[in-house]
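Worksheet for the structure shown next.
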Amino acid sequence: MPVTVVVGGFFGDEGKGKIVSYLALRDGLDLAVRVGSVNAGHTVILDDGRVVKLRMLPSAFTQPSCRLLIGAGANVNPSIFLSEVEATGTKGRVGLDPQCSIIEEEHIERDRRDAHLSGRVQTTGQGVGPAVEDRVRRAAKLARDVEELKPFLVDVALETSRYVEEGRRVLLEGTQGCFLSLYHGTYPYVTARDTTAAAVCSEVGVGPTKVDEVMLVFKAYVTRVGGGPLPGELPREEAERRGWVEVATVTGRMRRAAPFNFELAKRAVMLNGATSIAITKLDSIYPSVAGARRWEELSPEARRFVEKVEEELKVKVALLGTGPRVFDVVDLRSS
Ligand code: IMP
Ligand code: MG
């Protein structure tokens, strides 16, 4: 499948970083394009146990031959971008679109000072919402206006379309989750962009007819950080007992947790036009599957859960995450 979009199915933090990194290595991706902004942290745990947290670059950096781009719809924090390029040693293969908008110090201050944003919505305080406000007001500074970004500037839509025309393997990496969408999420407790697959294409500049596959990533349970409804939310002690309490990548806040939600998942399938599903952290609900890489290694309960997801959502489950490292995956695509 030459062009794949990967998006989150719940409230973000479904494990997209790990899934994208797996696909990059396993399928030998040629190009990965990231969208969104620094409010979204994607974590990749390498085979040697090294943990890499990315807020700007595509999680496909693990594939050394993969070109790494950031689409025009993204909001860039130049210092975070530059430090990630440095940390991953990817300078020669990273590019960003001249029309990406820039997050400035003042946006961060506005985000943190604003009682509605920081108190009610409980944003990540990274300045993304205020930067988007300025962009919509057509007053934003763009990547083309920033001297240090000049060496990286490239027409991302055009370069992506060349890869697509040549039939090379392209992945568009969405951020956050379906129900944090500005349009389709739990407004006003949402982020400052649409998070669905169509919006990912729009942020990159790829027409919908070019996309072959939309992979929707769910975690085996649901988490949410910040304000807003979380159906079936567990009391903190119960979430802790189940080992479902996580610490947010960007803010260090504790994530709220709830069991897998089939109703939300069905709606996410609809909103994204999902063609396949990845389920991460299966080992968190079925500890015996930890590290499994084949279907035969899964317990009957774990298999029944996966089959139930397929039956209810009427979409094939392609990948199962069974542990933190990139290759802790059961890949069902060829079976
Ligand atoms: P903002 O995106 O910083 O404006 O925050 C708006 C809401 O989206 C808050 O509830 C955040 O916690 C949530 N949010 C934004 N990005 C992410 C993410 O990557 N993972 C999880 N929650 C996020
Ligand atoms: Mg995250």
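Identifiers in the structure tokens: chain A, B, ... in order shown; residue index from 1 per chain; ligand index from 1 in order shown.
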Using only C-alpha atoms and all ligand atoms, find each protein or nucleic acid residue lying at most 9 Å from ligand 2; present the set as a list in words. Gly12, Asp13, Glu14, Gly15, Lys16, Gly17, Asn39, Ala40, Gly41, His42, Thr43, Lys53, Arg55, Thr175, Gln176, Ala248, Thr249 and Val250 of chain A
Print the selection's residues with all heavy atoms to a file, as a short mmCIF file (atom, residue, chain, number, x, y, z; two decimals), in the first residue's frame.
```cif
data_model
loop_
_atom_site.label_atom_id
_atom_site.label_comp_id
_atom_site.auth_asym_id
_atom_site.auth_seq_id
_atom_site.Cartn_x
_atom_site.Cartn_y
_atom_site.Cartn_z
N GLY A 12 -5.79 10.56 21.87
CA GLY A 12 -4.34 10.70 21.78
C GLY A 12 -3.66 9.67 22.66
O GLY A 12 -4.31 8.94 23.42
N ASP A 13 -2.33 9.57 22.51
CA ASP A 13 -1.54 8.66 23.33
C ASP A 13 -1.95 7.20 23.15
O ASP A 13 -1.90 6.39 24.08
CB ASP A 13 -1.63 9.06 24.82
CG ASP A 13 -1.30 10.53 24.99
OD1 ASP A 13 -0.26 10.94 24.45
OD2 ASP A 13 -2.08 11.25 25.62
N GLU A 14 -2.33 6.85 21.93
CA GLU A 14 -2.69 5.47 21.64
C GLU A 14 -1.45 4.63 21.32
O GLU A 14 -1.55 3.40 21.21
CB GLU A 14 -3.66 5.40 20.45
CG GLU A 14 -4.99 6.10 20.67
CD GLU A 14 -4.96 7.55 20.21
OE1 GLU A 14 -3.88 8.02 19.80
OE2 GLU A 14 -6.01 8.21 20.27
N GLY A 15 -0.32 5.30 21.12
CA GLY A 15 0.89 4.56 20.76
C GLY A 15 1.21 4.67 19.28
O GLY A 15 1.81 3.76 18.69
N LYS A 16 0.86 5.81 18.69
CA LYS A 16 1.12 5.99 17.26
C LYS A 16 2.61 5.98 16.95
O LYS A 16 3.03 5.47 15.91
CB LYS A 16 0.51 7.32 16.77
CG LYS A 16 -1.01 7.31 16.76
CD LYS A 16 -1.58 8.65 16.34
CE LYS A 16 -1.36 9.74 17.36
NZ LYS A 16 -1.99 9.51 18.67
N GLY A 17 3.42 6.55 17.86
CA GLY A 17 4.86 6.62 17.63
C GLY A 17 5.45 5.24 17.41
O GLY A 17 6.22 5.00 16.48
N ASN A 39 2.40 19.98 21.00
CA ASN A 39 1.55 19.52 22.10
C ASN A 39 1.46 17.99 22.12
O ASN A 39 1.12 17.39 23.13
CB ASN A 39 0.14 20.14 22.00
CG ASN A 39 -0.40 20.15 20.59
OD1 ASN A 39 0.24 19.65 19.66
ND2 ASN A 39 -1.57 20.72 20.40
N ALA A 40 1.76 17.35 20.99
CA ALA A 40 1.64 15.90 20.87
C ALA A 40 3.01 15.24 20.96
O ALA A 40 3.89 15.50 20.13
CB ALA A 40 0.98 15.55 19.54
N GLY A 41 3.19 14.40 21.95
CA GLY A 41 4.46 13.68 22.09
C GLY A 41 4.32 12.25 21.61
O GLY A 41 3.41 11.54 22.01
N HIS A 42 5.19 11.84 20.72
CA HIS A 42 5.19 10.45 20.23
C HIS A 42 6.44 9.76 20.76
O HIS A 42 7.55 10.24 20.58
CB HIS A 42 5.15 10.43 18.71
CG HIS A 42 3.83 10.88 18.16
ND1 HIS A 42 3.55 10.90 16.81
CD2 HIS A 42 2.71 11.30 18.78
CE1 HIS A 42 2.30 11.34 16.64
NE2 HIS A 42 1.78 11.59 17.81
N THR A 43 6.24 8.62 21.40
CA THR A 43 7.36 7.92 22.04
C THR A 43 7.75 6.69 21.24
O THR A 43 6.89 5.91 20.83
CB THR A 43 6.98 7.50 23.47
OG1 THR A 43 6.58 8.66 24.19
CG2 THR A 43 8.16 6.85 24.19
N LYS A 53 11.57 10.56 22.57
CA LYS A 53 10.28 11.26 22.59
C LYS A 53 10.31 12.38 21.57
O LYS A 53 11.16 13.26 21.64
CB LYS A 53 10.00 11.81 23.98
CG LYS A 53 9.76 10.71 25.01
CD LYS A 53 9.55 11.28 26.40
CE LYS A 53 9.53 10.19 27.44
NZ LYS A 53 8.26 9.47 27.54
N ARG A 55 8.32 15.45 19.37
CA ARG A 55 7.16 16.35 19.34
C ARG A 55 7.04 17.07 18.01
O ARG A 55 6.07 17.79 17.78
CB ARG A 55 7.28 17.34 20.49
CG ARG A 55 7.25 16.61 21.83
CD ARG A 55 7.76 17.47 22.95
NE ARG A 55 6.92 18.65 23.06
CZ ARG A 55 7.21 19.70 23.85
NH1 ARG A 55 8.31 19.69 24.57
NH2 ARG A 55 6.41 20.72 23.89
N THR A 175 -1.50 13.19 14.54
CA THR A 175 -1.20 13.34 15.95
C THR A 175 -2.50 13.44 16.75
O THR A 175 -3.56 13.71 16.19
CB THR A 175 -0.36 14.61 16.22
OG1 THR A 175 -1.15 15.74 15.90
CG2 THR A 175 0.93 14.61 15.42
N GLN A 176 -2.37 13.21 18.04
CA GLN A 176 -3.51 13.25 18.96
C GLN A 176 -4.56 12.21 18.55
O GLN A 176 -4.22 11.25 17.86
CB GLN A 176 -4.08 14.67 19.03
CG GLN A 176 -3.00 15.62 19.53
CD GLN A 176 -3.03 16.97 18.88
OE1 GLN A 176 -3.42 17.13 17.74
NE2 GLN A 176 -2.58 17.95 19.61
N ALA A 248 1.83 11.79 31.10
CA ALA A 248 1.82 12.40 29.77
C ALA A 248 3.23 12.81 29.33
O ALA A 248 4.00 13.33 30.12
CB ALA A 248 0.90 13.61 29.76
N THR A 249 3.53 12.56 28.04
CA THR A 249 4.85 12.81 27.47
C THR A 249 5.25 14.28 27.54
O THR A 249 6.37 14.61 27.91
CB THR A 249 4.86 12.38 25.98
OG1 THR A 249 4.40 11.04 25.91
CG2 THR A 249 6.25 12.47 25.39
N VAL A 250 4.32 15.16 27.19
CA VAL A 250 4.68 16.57 27.06
C VAL A 250 4.59 17.30 28.40
O VAL A 250 5.45 18.10 28.74
CB VAL A 250 3.77 17.27 26.00
CG1 VAL A 250 4.00 18.76 25.96
CG2 VAL A 250 4.01 16.65 24.63
#
```
Can you tell me, as a list in words, what residues are no more than 8 Å from Val204 (chain A) when counting only C-alpha atoms, ignoring any on the same chain fewer than 6 positions away? Val33, Arg34, Val35, Ile70, Gly71, Ala72, Gly73, Val156, Ala157 and Leu172 of chain A
All residues having an atom within 6 Å of ligand 1 (only C-alpha atoms and all ligand atoms) as an MDAnalysis selection string: chainID A and resid 11:13 39:41 121:126 128:129 176 180 189:192 225:227
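Taking only C-alpha atoms, the non-local environment of region 23-31 of chain A within 6 Å (same-chain residues fewer than 6 positions away omitted) comprises Ala60, Gln63, Cys66, Arg67, Arg169 and Val170 of chain A.
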Let me see the file: selected residues, C-alpha atoms, as a compact mmCIF listing (two decimals), in the first residue's frame.
```txt
# COMPACT_ATOMS: atom_id res chain seq x y z
CA ALA A 60 9.72 6.98 11.21
CA GLN A 63 14.38 3.89 9.29
CA CYS A 66 13.35 7.41 5.20
CA ARG A 67 12.87 11.07 4.22
CA ARG A 169 6.04 3.99 0.27
CA VAL A 170 4.63 7.06 1.98
```
So that I can check the secondary structure, give me every residue of region 75-310 of chain A assigned helix (DSSP H, G or I) by backbone DSSP, as number ranges by chain. A: 78-88, 91-93, 105-113, 115-121, 128-136, 143-145, 147-152, 156-165, 178-180, 197-204, 208-210, 236-241, 262-272, 282-285, 287-289, 295-297, 300-310
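Counting only C-alpha atoms, the residue from A:Arg303, A:Lys210, A:Arg137, A:Lys266 that sits nearest to Asp283 (chain A) is A:Arg303.
For the pair CA of Arg294 (chain A) and CA of Ile45 (chain A), the separation is 20.0 Å.
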Looking only at the backbone, which of the residues in region 57-247 of chain A does DSSP tag as strand (DSSP E or B), as a ChimeraX atom specification? /A:67-70,75-76,94-96,101-102,142,153,170-177,213-219,221-224,247
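Interatomic distance, CA of Ile103 (chain A) to CA of Val76 (chain A): 5.8 Å.
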Please provide as number ranges by chain all residues within 9 Å of Pro229 (chain A), with the sequence filter that same-chain residues fewer than 4 positions apart are discarded (counting only C-alpha atoms). A: 186, 189, 224, 233
Let me see the file: selected residues, N, CA, C and O atoms, as an mmCIF file, in the first residue's frame.
```
data_model
loop_
_atom_site.group_PDB
_atom_site.id
_atom_site.type_symbol
_atom_site.label_atom_id
_atom_site.label_comp_id
_atom_site.auth_asym_id
_atom_site.auth_seq_id
_atom_site.Cartn_x
_atom_site.Cartn_y
_atom_site.Cartn_z
ATOM 1 N N THR A 186 -14.857 16.440 21.654
ATOM 2 C CA THR A 186 -15.706 16.829 22.774
ATOM 3 C C THR A 186 -15.522 18.321 23.077
ATOM 4 O O THR A 186 -15.096 18.693 24.164
ATOM 5 N N TYR A 189 -13.458 20.842 24.905
ATOM 6 C CA TYR A 189 -12.292 20.132 25.462
ATOM 7 C C TYR A 189 -11.563 19.404 24.331
ATOM 8 O O TYR A 189 -11.567 18.166 24.259
ATOM 9 N N ARG A 224 -7.062 9.740 28.794
ATOM 10 C CA ARG A 224 -7.297 11.139 28.440
ATOM 11 C C ARG A 224 -6.542 12.010 29.428
ATOM 12 O O ARG A 224 -6.536 11.722 30.631
ATOM 13 N N GLU A 233 -14.843 6.384 32.910
ATOM 14 C CA GLU A 233 -13.600 6.690 33.628
ATOM 15 C C GLU A 233 -13.515 5.930 34.947
ATOM 16 O O GLU A 233 -14.461 5.882 35.724
#
```
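Distance annotation: of A:Leu182, A:Val326, A:Ala258, A:Ala292, the residue with the minimal separation from Leu46 (chain A) is A:Val326; atom set is only C-alpha atoms.
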Considering only C-alpha atoms, can you say which of A:Leu298, A:Ala220, A:Cys100, A:Ala257 comes closest to Gly205 (chain A)? A:Cys100
